[in-house]
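Note sheet for the following structure.
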Amino acid sequence: MDLTNIYLNNNSTQSTTFRRTTKYNNIKVEYDNKKFDSMSEYERYLELKELEEQNIISNLRHHEKQDKITLLEDPKISYEPDFYYEKDGIVIIEDVKGFETDVFKIKKKMIISKIKKKELNAVFITTKKSLNGFIVTFDSRNL
């Protein structure tokens, strides 16, 4: 069963659809013609959207095919970030994680390798929701 609600936008008539939890206990959300894999990812989107409206970040994109990164050609392994945006002229790719799956841990190592080899000109961060908002749990600039 879907529940439709108005969420966080005081002056908006935009509806948000919440779906049942998945095997990772996350709740899928549909909002603004976008599908989010979790409530945390959705809330981070709202936060990033606000930062974009304040001109702190630019070119915010969410799960777009053009941002897919090929990590390995044969066999084909790719990674599609939750978010892509620019801040102070730097490309940021961001993933929101409640916890890191084994598959993500491997992909994360492959992304780090591409950044170190300068095959990927971006900063890679992971964020996690905390009681006081979102915290950065990994930042490739700190390698």
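By convention in this document, the chains of the structure tokens carry letters A, B, ... by their order, each chain's residues are numbered from 1, and ligands are numbered from 1 in the order they are shown.
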
Surrounding residues of stretch 85-101 of chain A excluding itself and chain neighbours under 6 positions, 6 Å, only C-alpha atoms, as a PDB file with C-alpha atoms, in the first residue's frame:
```pdb
ATOM      1  CA  GLU A  41      18.487   9.640   0.178  1.00  0.00           C
ATOM      2  CA  ILE A  57      26.193  24.098  -5.142  1.00  0.00           C
ATOM      3  CA  SER A  58      25.230  23.847  -8.814  1.00  0.00           C
ATOM      4  CA  ASN A  59      24.247  21.291 -11.468  1.00  0.00           C
ATOM      5  CA  LEU A  60      22.599  18.934  -8.968  1.00  0.00           C
ATOM      6  CA  ALA A 122      35.972  14.233  -9.066  1.00  0.00           C
ATOM      7  CA  VAL A 123      35.692  14.085  -5.314  1.00  0.00           C
ATOM      8  CA  PHE A 124      33.872  11.044  -3.985  1.00  0.00           C
ATOM      9  CA  ILE A 125      32.021  11.288  -0.684  1.00  0.00           C
ATOM     10  CA  THR A 126      29.643   9.115   1.257  1.00  0.00           C
ATOM     11  CA  THR A 127      27.182  10.579   3.710  1.00  0.00           C
ATOM     12  CA  LYS A 128      25.042   9.153   6.449  1.00  0.00           C
TER      13      LYS A 128
END
```

Find the residues near stretch 109-119 of chain A: any atom within 7 Å, counting only C-alpha atoms, skip ones fewer than 4 places away on the same chain, and give them as a PDB file with all heavy atoms, in the first residue's frame.
```pdb
ATOM      1  N   LEU A  71      33.610   1.178 -14.041  1.00  0.00           N
ATOM      2  CA  LEU A  71      34.708   0.813 -13.152  1.00  0.00           C
ATOM      3  C   LEU A  71      35.585  -0.275 -13.752  1.00  0.00           C
ATOM      4  O   LEU A  71      36.776  -0.340 -13.490  1.00  0.00           O
ATOM      5  CB  LEU A  71      34.155   0.360 -11.799  1.00  0.00           C
ATOM      6  CG  LEU A  71      33.332   1.414 -11.043  1.00  0.00           C
ATOM      7  CD1 LEU A  71      32.709   0.820  -9.799  1.00  0.00           C
ATOM      8  CD2 LEU A  71      34.193   2.618 -10.700  1.00  0.00           C
ATOM      9  N   LYS A 105      31.383  -1.795  -0.992  1.00  0.00           N
ATOM     10  CA  LYS A 105      32.768  -1.681  -0.509  1.00  0.00           C
ATOM     11  C   LYS A 105      33.760  -1.937  -1.634  1.00  0.00           C
ATOM     12  O   LYS A 105      34.774  -1.245  -1.742  1.00  0.00           O
ATOM     13  CB  LYS A 105      33.007  -2.653   0.647  1.00  0.00           C
ATOM     14  CG  LYS A 105      32.333  -2.226   1.933  1.00  0.00           C
ATOM     15  CD  LYS A 105      32.543  -3.272   3.020  1.00  0.00           C
ATOM     16  CE  LYS A 105      31.763  -2.914   4.277  1.00  0.00           C
ATOM     17  NZ  LYS A 105      31.897  -3.947   5.313  1.00  0.00           N
ATOM     18  N   SER A 140      37.164  11.461  -0.440  1.00  0.00           N
ATOM     19  CA  SER A 140      38.375  11.036  -1.152  1.00  0.00           C
ATOM     20  C   SER A 140      39.492  12.081  -1.078  1.00  0.00           C
ATOM     21  O   SER A 140      40.644  11.757  -1.339  1.00  0.00           O
ATOM     22  CB  SER A 140      38.052  10.719  -2.618  1.00  0.00           C
ATOM     23  OG  SER A 140      37.629  11.883  -3.313  1.00  0.00           O
TER      24      SER A 140
END
```

*Check chain A with DSSP on the backbone and list each residue it calls strand (DSSP E), as number ranges by chain.*
A: 3-5, 16-21, 27-31, 34-36, 58-62, 69-72, 77-79, 83-87, 90-96, 123-130, 133-139

*Interatomic distance, atom CA of A:Glu80 to atom CA of A:Lys68 (Å, one decimal)*: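 These atoms are spaced 4.4 Å apart.
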
*Name the residues of chain A that come out as alpha helix (DSSP H) in a backbone DSSP run; write them as a PyMOL selection string.*
chain A and resi 39-53+102-116

_Selected residue of minimal separation from A:Ser78 among A:His62, A:Lys107, A:Glu50, A:Ile56, counting only C-alpha atoms_ = A:Lys107

_A:Ile77, A:Arg61, A:Lys35, A:Ile69 ranked by distance to A:Leu48, top pick (using only C-alpha atoms)_ =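 Nearest candidate to A:Leu48 out of A:Ile77, A:Arg61, A:Lys35, A:Ile69: A:Arg61.
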
*For the atom pair atom CA of A:Ser130 and atom CA of A:Ser40, what is the interatomic distance in Å to one decimal place?*
9.7 Å

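In this model, the gap between atom CA of A:Tyr84 and atom CA of A:Asp67 comes to 7.2 Å.
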